[in-house]
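Data block for protein.cif (mmCIF, C-alpha atoms):
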```
data_work
loop_
_atom_site.label_atom_id
_atom_site.label_comp_id
_atom_site.auth_asym_id
_atom_site.auth_seq_id
_atom_site.Cartn_x
_atom_site.Cartn_y
_atom_site.Cartn_z
CA MET I 18 -13.40 -50.45 35.29
CA ALA I 19 -12.01 -48.35 32.47
CA ARG I 20 -14.30 -47.58 29.56
CA ARG I 21 -13.54 -49.74 26.52
CA ARG I 22 -12.36 -47.62 23.62
CA THR I 23 -14.86 -47.61 20.79
CA ARG I 24 -14.52 -47.02 17.08
CA GLY I 25 -13.83 -43.35 16.43
CA ASP I 26 -11.94 -42.77 19.69
CA GLY I 27 -8.61 -42.91 17.88
CA SER I 28 -5.46 -44.64 18.92
CA ALA I 29 -1.98 -44.24 20.31
CA TYR I 30 0.53 -46.11 18.17
CA GLN I 31 4.17 -46.38 17.13
CA ASP I 32 5.11 -46.20 13.44
CA LYS I 33 7.77 -48.25 11.69
CA HIS I 34 10.42 -45.64 12.49
CA GLY I 35 9.76 -45.90 16.22
CA GLN I 36 7.91 -42.55 16.46
CA TRP I 37 4.86 -42.46 18.75
CA TRP I 38 1.65 -40.77 17.58
CA ALA I 39 -1.84 -39.95 18.80
CA LYS I 40 -4.44 -40.26 16.02
CA LEU I 41 -8.11 -39.24 16.12
CA PRO I 42 -10.61 -39.48 13.20
CA ILE I 43 -12.26 -36.12 12.48
CA GLY I 44 -14.63 -37.14 9.68
CA ASN I 45 -14.51 -37.27 5.88
CA LYS I 46 -11.87 -40.00 6.12
CA ARG I 47 -9.47 -37.52 7.72
CA ASN I 48 -7.46 -37.87 10.91
CA ARG I 49 -5.80 -35.48 13.28
CA ARG I 50 -2.42 -36.61 14.55
CA ALA I 51 -0.11 -35.37 17.30
CA ARG I 52 3.53 -36.39 17.62
CA ALA I 53 4.53 -37.86 21.01
CA THR I 54 7.71 -38.91 22.77
CA ASP I 55 6.48 -42.29 24.09
CA ARG I 56 3.33 -44.36 24.65
CA LYS I 57 2.34 -42.48 27.81
CA ASP I 58 2.72 -39.13 26.04
CA ALA I 59 0.78 -40.41 23.01
CA GLU I 60 -2.12 -41.58 25.19
CA SER I 61 -2.13 -38.25 27.02
CA LYS I 62 -2.29 -36.30 23.77
CA LEU I 63 -5.02 -38.58 22.44
CA LYS I 64 -7.04 -37.88 25.58
CA THR I 65 -6.64 -34.14 25.00
CA LEU I 66 -7.81 -34.49 21.38
CA ILE I 67 -10.88 -36.42 22.47
CA GLU I 68 -11.70 -33.83 25.16
CA ASP I 69 -11.35 -31.03 22.63
CA ARG I 70 -13.76 -32.81 20.31
CA ASP I 71 -16.29 -33.81 22.95
CA ARG I 72 -16.40 -30.45 24.70
CA HIS I 73 -16.53 -28.58 21.37
CA ARG I 74 -13.63 -26.40 22.40
CA MET I 75 -12.07 -26.84 18.99
CA ASP I 76 -13.23 -27.61 15.48
CA LEU I 77 -10.58 -30.22 14.77
CA SER I 78 -11.25 -30.32 11.04
CA ALA I 79 -11.20 -26.54 10.56
CA SER I 80 -8.06 -26.16 12.66
CA GLN I 81 -6.14 -28.20 10.09
CA GLN I 82 -6.59 -25.59 7.39
CA SER I 83 -3.56 -23.51 6.43
CA LEU I 84 -3.03 -20.06 7.86
CA THR I 85 -3.47 -18.64 4.36
CA THR I 86 -6.91 -20.24 4.06
CA TRP I 87 -7.94 -18.93 7.46
CA LEU I 88 -6.74 -15.38 6.68
CA GLU I 89 -8.74 -15.42 3.45
CA SER I 90 -11.92 -16.30 5.32
CA TRP I 91 -11.12 -13.77 8.04
CA LEU I 92 -10.64 -11.01 5.47
CA GLU I 93 -13.93 -11.91 3.84
CA ALA I 94 -15.69 -11.67 7.21
CA LYS I 95 -14.03 -8.33 7.94
CA ARG I 96 -14.99 -6.81 4.60
CA GLU I 97 -18.51 -5.99 5.80
CA THR I 98 -17.56 -4.77 9.28
CA VAL I 99 -14.72 -2.28 8.73
CA ALA I 100 -14.12 0.76 6.55
CA PRO I 101 -12.69 0.12 3.05
CA ARG I 102 -9.34 1.69 3.92
CA THR I 103 -9.08 -0.43 7.07
CA TRP I 104 -9.83 -3.56 5.05
CA GLU I 105 -7.14 -2.61 2.53
CA PHE I 106 -4.73 -2.18 5.46
CA TYR I 107 -5.59 -5.68 6.71
CA GLU I 108 -5.31 -7.21 3.24
CA ARG I 109 -1.94 -5.55 2.54
CA HIS I 110 -0.38 -6.83 5.76
CA CYS I 111 -1.90 -10.30 5.37
CA ARG I 112 0.18 -10.65 2.21
CA TYR I 113 3.35 -10.40 4.32
CA ILE I 114 2.03 -13.13 6.64
CA THR I 115 1.03 -15.56 3.90
CA ALA I 116 4.34 -15.08 2.08
CA CYS I 117 6.30 -16.10 5.19
CA ILE I 118 4.20 -18.58 7.18
CA GLY I 119 0.99 -19.02 5.19
CA ALA I 120 1.58 -22.72 4.52
CA ILE I 121 1.62 -23.64 8.23
CA LYS I 122 -1.54 -25.31 9.52
CA LEU I 123 -3.60 -23.20 11.88
CA GLU I 124 -3.33 -25.81 14.65
CA ALA I 125 0.44 -26.07 14.22
CA LEU I 126 1.15 -22.33 14.39
CA GLU I 127 3.43 -21.47 17.30
CA ALA I 128 4.98 -18.33 18.74
CA HIS I 129 8.40 -19.08 17.28
CA HIS I 130 6.88 -19.04 13.78
CA VAL I 131 5.68 -15.48 14.40
CA ARG I 132 9.08 -14.41 15.76
CA GLU I 133 10.84 -15.94 12.77
CA MET I 134 8.44 -14.17 10.41
CA LEU I 135 9.11 -10.79 12.00
CA ALA I 136 12.87 -11.39 11.87
CA GLU I 137 12.61 -12.31 8.20
CA LEU I 138 10.60 -9.19 7.41
CA ARG I 139 13.06 -6.96 9.24
CA LYS I 140 15.94 -8.58 7.39
CA ALA I 141 14.11 -7.87 4.11
CA GLY I 142 14.01 -4.18 5.04
CA LEU I 143 10.50 -3.75 6.41
CA ALA I 144 10.32 -0.92 8.96
CA PRO I 145 9.74 -1.79 12.64
CA GLN I 146 6.39 0.03 12.63
CA SER I 147 5.24 -2.02 9.62
CA CYS I 148 6.40 -5.23 11.34
CA GLU I 149 4.28 -4.29 14.35
CA HIS I 150 1.32 -3.74 12.02
CA VAL I 151 1.85 -7.24 10.59
CA ARG I 152 1.91 -8.74 14.09
CA GLY I 153 -1.19 -6.75 15.04
CA VAL I 154 -3.15 -7.95 12.02
CA LEU I 155 -2.20 -11.57 12.73
CA ARG I 156 -3.19 -11.17 16.38
CA ASN I 157 -6.54 -9.73 15.29
CA ALA I 158 -7.16 -12.65 12.94
CA LEU I 159 -6.16 -15.25 15.53
CA ASN I 160 -8.51 -13.65 18.06
CA MET I 161 -11.38 -14.66 15.82
CA ALA I 162 -9.91 -18.16 15.47
CA LEU I 163 -9.73 -18.35 19.26
CA LYS I 164 -13.38 -17.33 19.60
CA ASP I 165 -14.33 -19.94 17.00
CA HIS I 166 -12.48 -22.63 19.01
CA LEU I 167 -9.99 -23.30 16.20
CA VAL I 168 -6.88 -22.63 18.32
CA ARG I 169 -6.13 -22.95 22.03
CA GLU I 170 -4.27 -19.64 22.33
CA ASN I 171 -3.34 -16.59 20.31
CA VAL I 172 0.35 -17.14 19.66
CA ALA I 173 0.80 -13.69 18.09
CA GLY I 174 -0.05 -12.18 21.47
CA LEU I 175 2.80 -14.16 23.05
CA VAL I 176 5.39 -12.46 20.85
CA ASP I 177 6.91 -9.17 21.96
CA ALA I 178 6.17 -6.19 19.75
CA PRO I 179 9.11 -4.92 17.68
CA ARG I 180 10.77 -1.88 19.17
CA VAL I 181 9.46 1.13 17.28
CA GLN I 182 11.31 4.42 17.37
CA PRO I 183 8.63 7.12 17.57
CA TYR I 184 8.64 9.56 14.70
CA ASP I 185 10.12 12.89 15.73
CA ALA I 186 8.04 15.37 13.76
CA PRO I 187 10.02 18.48 12.83
CA LEU I 188 8.75 21.90 13.81
CA LEU I 189 8.36 23.93 10.65
CA THR I 190 10.03 27.32 10.56
CA GLU I 191 8.18 30.50 9.62
CA GLU I 192 10.26 30.65 6.44
CA GLU I 193 9.23 27.11 5.41
CA ILE I 194 5.55 27.79 6.03
CA ALA I 195 5.74 31.07 4.10
CA ALA I 196 7.46 29.30 1.17
CA LEU I 197 4.73 26.63 1.02
CA VAL I 198 1.95 29.20 1.18
CA ASP I 199 3.56 31.41 -1.49
CA CYS I 200 3.92 28.38 -3.75
CA VAL I 201 0.29 27.17 -3.59
CA ASP I 202 -1.07 30.72 -3.77
CA GLY I 203 0.92 31.33 -6.96
CA ARG I 204 2.97 34.21 -5.64
CA ARG I 205 6.36 32.56 -5.94
CA GLN I 206 7.87 29.17 -6.74
CA LEU I 207 11.22 27.67 -7.62
CA THR I 208 11.51 26.11 -11.07
CA THR I 209 14.29 24.19 -12.77
CA ARG I 210 15.43 25.09 -16.26
CA TRP I 211 18.11 23.90 -18.68
CA ASN I 212 20.06 25.89 -21.25
CA ARG I 213 21.14 24.68 -24.69
CA ALA I 214 24.32 23.22 -23.28
CA GLY I 215 22.28 21.01 -20.99
CA GLU I 216 23.27 22.94 -17.88
CA LYS I 217 20.68 23.09 -15.12
CA TRP I 218 19.85 26.08 -13.02
CA GLN I 219 17.00 27.15 -10.80
CA GLU I 220 15.13 30.43 -10.67
CA TRP I 221 12.19 31.92 -8.84
CA VAL I 222 9.06 32.54 -10.87
CA GLU I 223 6.41 34.94 -9.60
CA GLY I 224 2.81 35.75 -10.47
CA LEU I 225 1.63 32.20 -11.21
CA SER I 226 -1.95 30.92 -10.94
CA PRO I 227 -2.97 29.59 -7.50
CA ASN I 228 -2.99 25.81 -7.09
CA ARG I 229 -6.49 24.26 -7.12
CA LEU I 230 -5.69 22.51 -3.82
CA ALA I 231 -4.35 25.65 -2.13
CA PRO I 232 -7.28 25.77 0.36
CA LEU I 233 -6.35 22.25 1.49
CA LEU I 234 -2.92 23.46 2.58
CA HIS I 235 -4.42 26.47 4.36
CA LEU I 236 -6.92 24.28 6.25
CA ALA I 237 -4.16 21.87 7.27
CA LEU I 238 -1.96 24.71 8.55
CA ALA I 239 -4.77 26.49 10.38
CA LEU I 240 -6.95 23.68 11.73
CA GLY I 241 -4.54 20.75 11.94
CA PHE I 242 -6.58 18.31 9.87
CA ARG I 243 -5.28 14.81 9.29
CA ARG I 244 -4.77 13.71 5.70
CA GLY I 245 -7.74 11.35 5.78
CA GLU I 246 -9.96 14.03 7.27
CA LEU I 247 -9.04 16.47 4.49
CA LEU I 248 -9.77 13.93 1.77
CA LYS I 249 -13.20 13.07 3.20
CA LEU I 250 -14.46 16.61 3.79
CA LEU I 251 -17.84 17.18 2.15
CA TRP I 252 -19.48 20.43 1.15
CA ALA I 253 -22.30 19.33 3.48
CA ASP I 254 -19.81 19.60 6.36
CA TRP I 255 -19.27 23.32 5.72
CA ASP I 256 -21.59 25.84 7.34
CA ARG I 257 -20.93 28.99 5.34
CA ALA I 258 -23.19 31.26 7.40
CA GLY I 259 -22.04 29.86 10.74
CA ARG I 260 -18.37 29.80 9.64
CA THR I 261 -17.75 26.27 10.89
CA ILE I 262 -16.69 22.95 9.41
CA ARG I 263 -17.38 19.47 10.79
CA ILE I 264 -15.25 16.36 10.92
CA ARG I 265 -17.62 13.39 10.81
CA ASP I 266 -15.40 10.60 9.52
CA ALA I 267 -12.52 10.45 12.00
CA LYS I 268 -10.26 7.75 13.41
CA THR I 269 -11.79 7.89 16.89
CA PRO I 270 -14.99 9.31 18.47
CA SER I 271 -12.91 12.18 19.86
CA GLY I 272 -12.08 13.08 16.28
CA TRP I 273 -15.71 13.96 15.52
CA ARG I 274 -15.68 17.69 16.05
CA THR I 275 -16.87 21.04 14.73
CA LEU I 276 -14.18 23.66 14.17
CA PRO I 277 -14.53 27.41 13.73
CA LEU I 278 -13.37 29.09 10.52
CA SER I 279 -11.72 32.48 10.33
CA ASP I 280 -13.14 35.03 7.89
CA ILE I 281 -10.18 34.39 5.58
CA LEU I 282 -10.62 30.58 5.60
CA ASN I 283 -14.36 30.93 5.10
CA ALA I 284 -13.74 33.21 2.12
CA ARG I 285 -11.27 30.72 0.64
CA LEU I 286 -13.87 27.94 0.82
CA ALA I 287 -16.47 30.27 -0.72
CA ALA I 288 -14.14 30.99 -3.64
CA LEU I 289 -13.46 27.27 -4.04
CA TRP I 290 -17.21 26.59 -4.04
CA ASP I 291 -17.69 29.06 -6.90
CA GLU I 292 -14.84 27.42 -8.81
CA ARG I 293 -16.41 23.98 -8.36
CA GLN I 294 -19.71 25.21 -9.81
CA GLU I 295 -17.90 25.89 -13.07
CA GLU I 296 -16.13 22.52 -13.01
CA ARG I 297 -19.43 20.70 -12.44
CA LYS I 298 -20.62 21.90 -15.86
CA LEU I 299 -17.85 19.95 -17.62
CA PRO I 300 -18.92 16.66 -19.27
CA HIS I 301 -16.25 14.56 -17.55
CA TRP I 302 -17.20 15.68 -14.00
CA ARG I 303 -18.34 12.96 -11.57
CA GLU I 304 -19.93 14.50 -8.51
CA HIS I 305 -19.06 13.02 -5.09
CA GLY I 306 -19.82 16.02 -2.90
CA LEU I 307 -16.16 16.34 -1.87
CA ILE I 308 -14.57 19.68 -1.05
CA PHE I 309 -11.21 18.45 -2.31
CA ALA I 310 -11.65 16.32 -5.40
CA SER I 311 -9.62 15.45 -8.47
CA GLU I 312 -10.08 17.31 -11.74
CA MET I 313 -12.66 14.64 -12.60
CA GLY I 314 -14.60 15.19 -9.37
CA THR I 315 -13.53 11.80 -8.01
CA PRO I 316 -11.84 11.19 -4.62
CA ILE I 317 -8.11 11.89 -4.39
CA GLY I 318 -6.01 8.92 -3.29
CA ALA I 319 -3.81 9.34 -0.21
CA ARG I 320 -0.67 8.51 -2.19
CA ASN I 321 -1.59 10.98 -4.91
CA LEU I 322 -2.01 13.69 -2.29
CA ASN I 323 1.42 12.84 -0.88
CA ARG I 324 2.92 13.17 -4.37
CA TRP I 325 1.20 16.52 -4.80
CA PHE I 326 2.62 17.78 -1.51
CA ASP I 327 6.10 16.50 -2.39
CA GLY I 328 5.88 18.54 -5.58
CA VAL I 329 4.80 21.63 -3.62
CA GLN I 330 7.83 21.24 -1.35
CA GLU I 331 10.17 20.98 -4.31
CA ARG I 332 8.70 24.04 -6.02
CA ALA I 333 8.76 25.93 -2.72
CA GLY I 334 12.50 25.30 -2.46
CA LEU I 335 12.41 23.48 0.90
CA THR I 336 15.80 22.03 1.76
CA ARG I 337 14.44 19.21 3.95
CA HIS I 338 11.60 16.78 3.34
CA ILE I 339 8.51 17.04 5.53
CA ARG I 340 5.32 15.00 5.61
CA LEU I 341 1.87 16.37 4.99
CA HIS I 342 1.03 15.28 8.57
CA ASP I 343 3.76 17.62 9.84
CA LEU I 344 1.48 20.53 8.91
CA ARG I 345 -0.85 19.26 11.64
CA HIS I 346 1.96 19.54 14.19
CA ALA I 347 2.73 23.04 12.90
CA ALA I 348 -0.91 24.03 13.42
CA ILE I 349 -1.02 22.72 16.99
CA SER I 350 2.26 24.49 17.80
CA ASP I 351 0.75 27.73 16.48
CA TRP I 352 -2.27 27.24 18.75
CA PHE I 353 0.07 27.02 21.72
CA ALA I 354 1.92 30.12 20.55
CA ALA I 355 -1.45 31.92 20.41
CA GLY I 356 -2.13 31.03 24.05
CA ALA I 357 -4.21 27.84 23.80
CA ASP I 358 -3.94 25.49 26.77
CA PRO I 359 -3.25 21.76 26.16
CA ARG I 360 -6.87 20.76 26.88
CA ALA I 361 -8.24 23.20 24.29
CA ALA I 362 -5.62 22.05 21.78
CA GLN I 363 -6.59 18.41 22.42
CA ASP I 364 -10.24 19.21 21.64
CA LEU I 365 -9.36 21.15 18.48
CA ALA I 366 -7.00 18.44 17.24
CA GLY I 367 -9.34 15.57 18.08
CA HIS I 368 -6.66 13.67 19.99
CA ALA I 369 -7.96 10.61 21.81
CA SER I 370 -5.18 10.87 24.39
CA PRO I 371 -3.94 14.07 26.06
CA LEU I 372 -0.42 12.58 25.99
CA THR I 373 -0.23 13.13 22.23
CA THR I 374 -1.07 16.81 22.64
CA GLN I 375 1.34 17.13 25.55
CA ARG I 376 4.25 15.80 23.46
CA ILE I 377 3.67 18.48 20.82
CA TYR I 378 3.21 21.07 23.58
CA ALA I 379 6.51 20.08 25.18
CA LYS I 380 8.35 20.29 21.87
CA SER I 381 6.80 23.69 21.15
CA ARG I 382 7.91 25.00 24.55
CA ALA I 383 11.41 23.56 24.05
CA ALA I 384 11.70 25.51 20.80
CA LYS I 385 10.67 28.70 22.61
CA HIS I 386 13.24 28.04 25.35
CA ARG I 387 15.91 27.66 22.69
CA ASP I 388 14.92 31.03 21.22
CA VAL I 389 15.17 32.59 24.67
CA ILE I 390 18.65 31.17 25.26
CA GLU I 391 19.85 32.25 21.82
CA GLY I 392 18.49 35.74 22.48
CA VAL I 393 20.45 35.91 25.74
CA GLU I 394 23.62 34.85 23.94
CA GLU I 395 23.13 37.47 21.25
CA ARG I 396 22.73 40.23 23.84
CA ARG I 397 25.87 39.08 25.63
CA LYS I 398 27.81 39.26 22.39
CA LYS I 399 26.64 42.82 21.80
CA ARG I 400 27.62 43.85 25.32
CA GLY I 401 30.99 42.18 24.90
#
```
Would it be possible to restate this file's structure as structure tokens?
Amino acid sequence: MARRRTRGDGSAYQDKHGQWWAKLPIGNKRNRRARATDRKDAESKLKTLIEDRDRHRMDLSASQQSLTTWLESWLEAKRETVAPRTWEFYERHCRYITACIGAIKLEALEAHHVREMLAELRKAGLAPQSCEHVRGVLRNALNMALKDHLVRENVAGLVDAPRVQPYDAPLLTEEEIAALVDCVDGRRQLTTRWNRAGEKWQEWVEGLSPNRLAPLLHLALALGFRRGELLKLLWADWDRAGRTIRIRDAKTPSGWRTLPLSDILNARLAALWDERQEERKLPHWREHGLIFASEMGTPIGARNLNRWFDGVQERAGLTRHIRLHDLRHAAISDWFAAGADPRAAQDLAGHASPLTTQRIYAKSRAAKHRDVIEGVEERRKKRG
């Protein structure tokens, strides 16, 4: 004999418009409802709701909160478990999610909502890589919801990742590297001037003072540091006598490494150390122990460093725009030119995967092959 339904077990019913529903009380005078096609479907869905409640697979009340509310609580939980920059990354991409689908209830979120969100973001001009970051952050957040029994599946994981065209980092020429070095060292830079008639012209100025961040550029070109690694370098990481420098705050465990310094690089850091001793005496200085700090002694923001490097490129007269990270690729290519094998280059660069090093190695070899072919053509011309 079937068990008699008791109070609190919900009901399957048809409303005045003929639509069938499954309804289950979830406490605090609130109900959870599921739309159905007919009585049989309504009773089936009611049974599922009861099983979810009785087996504690889902918190039916919490699952009715909006996605925005859930993301806010997820961000708060993440604040204490991830690095500040990682949390800012999460928070920035959550804003895209809440703007598009934040009003949808957590229990009602489906894969097509995620696909529609990504399509909307692409239409608004967001880059494919950024769209993939948005999907990744949502998938991360829904993983926690899945563990907390608030959803049955992670719908963000059911959506295909946007196709991302890998960035093709340019190989810097010797002339471009020399122009950058001359600019930061104060030997030569391109400046723009105007005459009385308002006409603009450019001229090279020589004998300027070295830039206070010149050692940063030299370290990036020689040791292939990432931007974040450069900004987090501490004086405590530098072993002056041993001529080494440590990376202790890297993206991956493989990034934690100790790198050797040439005599020239070691001398540059020594000169910078002496300069910082004078700056520390100023009343506005705020000590943070950083090798590369602002004129106040405070950390330099990543965007501010990008702006600084853009200015260096302009003053150096570069005709194409390059990223600060491209200096890392230039350094690795130079290691290969000096005879380093891919495994040694991987260790020096702190790459988690050898495939990343191999891609740069392949590009470096392709450039050498091009030089060989061009040399052959030039000799043929001379013989002809």
Leaving out Thr85 of chain I and any residue of its chain fewer than 2 positions from it, which residues lie within 8 Å of it when counting only C-alpha atoms, given as a compact mmCIF listing (two decimals) with C-alpha atoms, keeping the file's coordinate frame?
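Result written to result_4.txt:
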```txt
# COMPACT_ATOMS: atom_id res chain seq x y z
CA SER I 83 -3.56 -23.51 6.43
CA TRP I 87 -7.94 -18.93 7.46
CA LEU I 88 -6.74 -15.38 6.68
CA GLU I 89 -8.74 -15.42 3.45
CA THR I 115 1.03 -15.56 3.90
CA GLY I 119 0.99 -19.02 5.19
CA ALA I 120 1.58 -22.72 4.52
```
I:Asp351, I:Glu193, I:Glu137, I:Asp58 ranked by distance to His338 of chain I, top pick (using all atoms listed in the file):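 Nearest to His338 of chain I: I:Glu193.
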Write out, as JSON lines, each residue of segment 132-201 of chain I that has an atom at most 9 Å from segment 101-110 of chain I, together with the closest pair of atoms and their distance in Å to one decimal, counting all atoms listed in the file, rows going by chain and rising number.
```
{"residue": "I:Ser147", "atom": "CA", "partner": "I:His110", "partner_atom": "CA", "distance": 8.3}
{"residue": "I:Cys148", "atom": "CA", "partner": "I:His110", "partner_atom": "CA", "distance": 8.9}
{"residue": "I:His150", "atom": "CA", "partner": "I:His110", "partner_atom": "CA", "distance": 7.2}
{"residue": "I:Val151", "atom": "CA", "partner": "I:His110", "partner_atom": "CA", "distance": 5.3}
{"residue": "I:Arg152", "atom": "CA", "partner": "I:His110", "partner_atom": "CA", "distance": 8.8}
{"residue": "I:Val154", "atom": "CA", "partner": "I:Tyr107", "partner_atom": "CA", "distance": 6.3}
{"residue": "I:Leu155", "atom": "CA", "partner": "I:His110", "partner_atom": "CA", "distance": 8.6}
```
Could you please take those selected residues and save C-alpha atoms as a PDB file, in the coordinates of the input?
```pdb
ATOM      1  CA  SER I 147       5.240  -2.020   9.620  1.00  0.00           C
ATOM      2  CA  CYS I 148       6.400  -5.230  11.340  1.00  0.00           C
ATOM      3  CA  HIS I 150       1.320  -3.740  12.020  1.00  0.00           C
ATOM      4  CA  VAL I 151       1.850  -7.240  10.590  1.00  0.00           C
ATOM      5  CA  ARG I 152       1.910  -8.740  14.090  1.00  0.00           C
ATOM      6  CA  VAL I 154      -3.150  -7.950  12.020  1.00  0.00           C
ATOM      7  CA  LEU I 155      -2.200 -11.570  12.730  1.00  0.00           C
TER       8      LEU I 155
END
```
For Arg274 of chain I, the nearest of the candidates I:Thr373, I:Thr261, I:Thr336, I:Asn228, counting all atoms listed in the file: I:Thr261
Among listed residues I:Arg156, I:Arg263, I:Arg332, I:His346, nearest Val198 of chain I (using only C-alpha atoms):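 Between I:Arg156, I:Arg263, I:Arg332, I:His346, the residue approaching Val198 of chain I most closely is I:Arg332.
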Selection result for the PyMOL selection byres ((chain I and resi 52) around 12) on this file, as an NGL selection string: :I and (29-32 or 35-40 or 49-51 or 53-63 or 125)
How about saving the chosen residues, C-alpha atoms kept, as a PDB file, keeping the file's coordinate frame?
```
ATOM      1  CA  ALA I  29      -1.980 -44.240  20.310  1.00  0.00           C
ATOM      2  CA  TYR I  30       0.530 -46.110  18.170  1.00  0.00           C
ATOM      3  CA  GLN I  31       4.170 -46.380  17.130  1.00  0.00           C
ATOM      4  CA  ASP I  32       5.110 -46.200  13.440  1.00  0.00           C
ATOM      5  CA  GLY I  35       9.760 -45.900  16.220  1.00  0.00           C
ATOM      6  CA  GLN I  36       7.910 -42.550  16.460  1.00  0.00           C
ATOM      7  CA  TRP I  37       4.860 -42.460  18.750  1.00  0.00           C
ATOM      8  CA  TRP I  38       1.650 -40.770  17.580  1.00  0.00           C
ATOM      9  CA  ALA I  39      -1.840 -39.950  18.800  1.00  0.00           C
ATOM     10  CA  LYS I  40      -4.440 -40.260  16.020  1.00  0.00           C
ATOM     11  CA  ARG I  49      -5.800 -35.480  13.280  1.00  0.00           C
ATOM     12  CA  ARG I  50      -2.420 -36.610  14.550  1.00  0.00           C
ATOM     13  CA  ALA I  51      -0.110 -35.370  17.300  1.00  0.00           C
ATOM     14  CA  ALA I  53       4.530 -37.860  21.010  1.00  0.00           C
ATOM     15  CA  THR I  54       7.710 -38.910  22.770  1.00  0.00           C
ATOM     16  CA  ASP I  55       6.480 -42.290  24.090  1.00  0.00           C
ATOM     17  CA  ARG I  56       3.330 -44.360  24.650  1.00  0.00           C
ATOM     18  CA  LYS I  57       2.340 -42.480  27.810  1.00  0.00           C
ATOM     19  CA  ASP I  58       2.720 -39.130  26.040  1.00  0.00           C
ATOM     20  CA  ALA I  59       0.780 -40.410  23.010  1.00  0.00           C
ATOM     21  CA  GLU I  60      -2.120 -41.580  25.190  1.00  0.00           C
ATOM     22  CA  SER I  61      -2.130 -38.250  27.020  1.00  0.00           C
ATOM     23  CA  LYS I  62      -2.290 -36.300  23.770  1.00  0.00           C
ATOM     24  CA  LEU I  63      -5.020 -38.580  22.440  1.00  0.00           C
ATOM     25  CA  ALA I 125       0.440 -26.070  14.220  1.00  0.00           C
TER      26      ALA I 125
END
```
Residue contacts of segment 240-254 of chain I (8 Å, all atoms listed in the file) excluding same-chain residues fewer than 3 positions away, as a list in words: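 Residues meeting the cut-off are Leu233, Leu236, Ala237, Ile262, Arg263, Ile264, Arg265, Asp266, Ala267, Leu276, Gly306, Leu307, Ile308, Phe309, Ala310, Pro316, Ile317, Ala319, Leu341, His342, Leu344, Arg345, His346, Ala347, Ala348, Ile349, Leu365 and Ala366 of chain I.
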Write to file, as a CSV table (one decimal), in the frame of the given file, the residues of the selection just made, with C-alpha atoms.
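As a result, out.csv now contains:
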```
chain,number,residue,atom,x,y,z
I,233,LEU,CA,-6.4,22.2,1.5
I,236,LEU,CA,-6.9,24.3,6.2
I,237,ALA,CA,-4.2,21.9,7.3
I,262,ILE,CA,-16.7,23.0,9.4
I,263,ARG,CA,-17.4,19.5,10.8
I,264,ILE,CA,-15.2,16.4,10.9
I,265,ARG,CA,-17.6,13.4,10.8
I,266,ASP,CA,-15.4,10.6,9.5
I,267,ALA,CA,-12.5,10.4,12.0
I,276,LEU,CA,-14.2,23.7,14.2
I,306,GLY,CA,-19.8,16.0,-2.9
I,307,LEU,CA,-16.2,16.3,-1.9
I,308,ILE,CA,-14.6,19.7,-1.0
I,309,PHE,CA,-11.2,18.4,-2.3
I,310,ALA,CA,-11.6,16.3,-5.4
I,316,PRO,CA,-11.8,11.2,-4.6
I,317,ILE,CA,-8.1,11.9,-4.4
I,319,ALA,CA,-3.8,9.3,-0.2
I,341,LEU,CA,1.9,16.4,5.0
I,342,HIS,CA,1.0,15.3,8.6
I,344,LEU,CA,1.5,20.5,8.9
I,345,ARG,CA,-0.8,19.3,11.6
I,346,HIS,CA,2.0,19.5,14.2
I,347,ALA,CA,2.7,23.0,12.9
I,348,ALA,CA,-0.9,24.0,13.4
I,349,ILE,CA,-1.0,22.7,17.0
I,365,LEU,CA,-9.4,21.2,18.5
I,366,ALA,CA,-7.0,18.4,17.2
```
Residues in the PyMOL selection byres ((chain I and resi 163) around 12), expressed as a ChimeraX atom specification: /I:74-76,80,87,123-124,156-162,164-174
Expected residue set, 12 Å radius at (-4.3, 22.8, 26.9), only C-alpha atoms, as a ChimeraX atom specification: /I:349-350,352-366,368,371-379
Evaluate the PyMOL selection byres ((chain I and resi 334) around 12) and report residues as a ChimeraX atom specification: /I:192-200,205-209,219-222,327-333,335-338
Selection near Leu286 of chain I, 9 Å with only C-alpha atoms, sequence-local residues under 3 positions removed, as a list in words: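 The filter keeps Pro232, Trp255, Arg257, Ile281, Leu282, Asn283, Leu289, Trp290, Asp291 and Ile308 of chain I.
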Straight-line distance linking atom CA of Ser279 of chain I with atom CA of Asp256 of chain I, stated in Å to one decimal: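 Atom CA of Asp256 of chain I lies 12.3 Å from atom CA of Ser279 of chain I.
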Between atom CA of Leu238 of chain I and atom CA of Leu188 of chain I - distance in Å to one decimal: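 Distance reported for this atom pair: 12.3 Å.
Atom CA of Gly27 of chain I to atom CA of Lys64 of chain I spans 9.3 Å [interatomic distance, one decimal].
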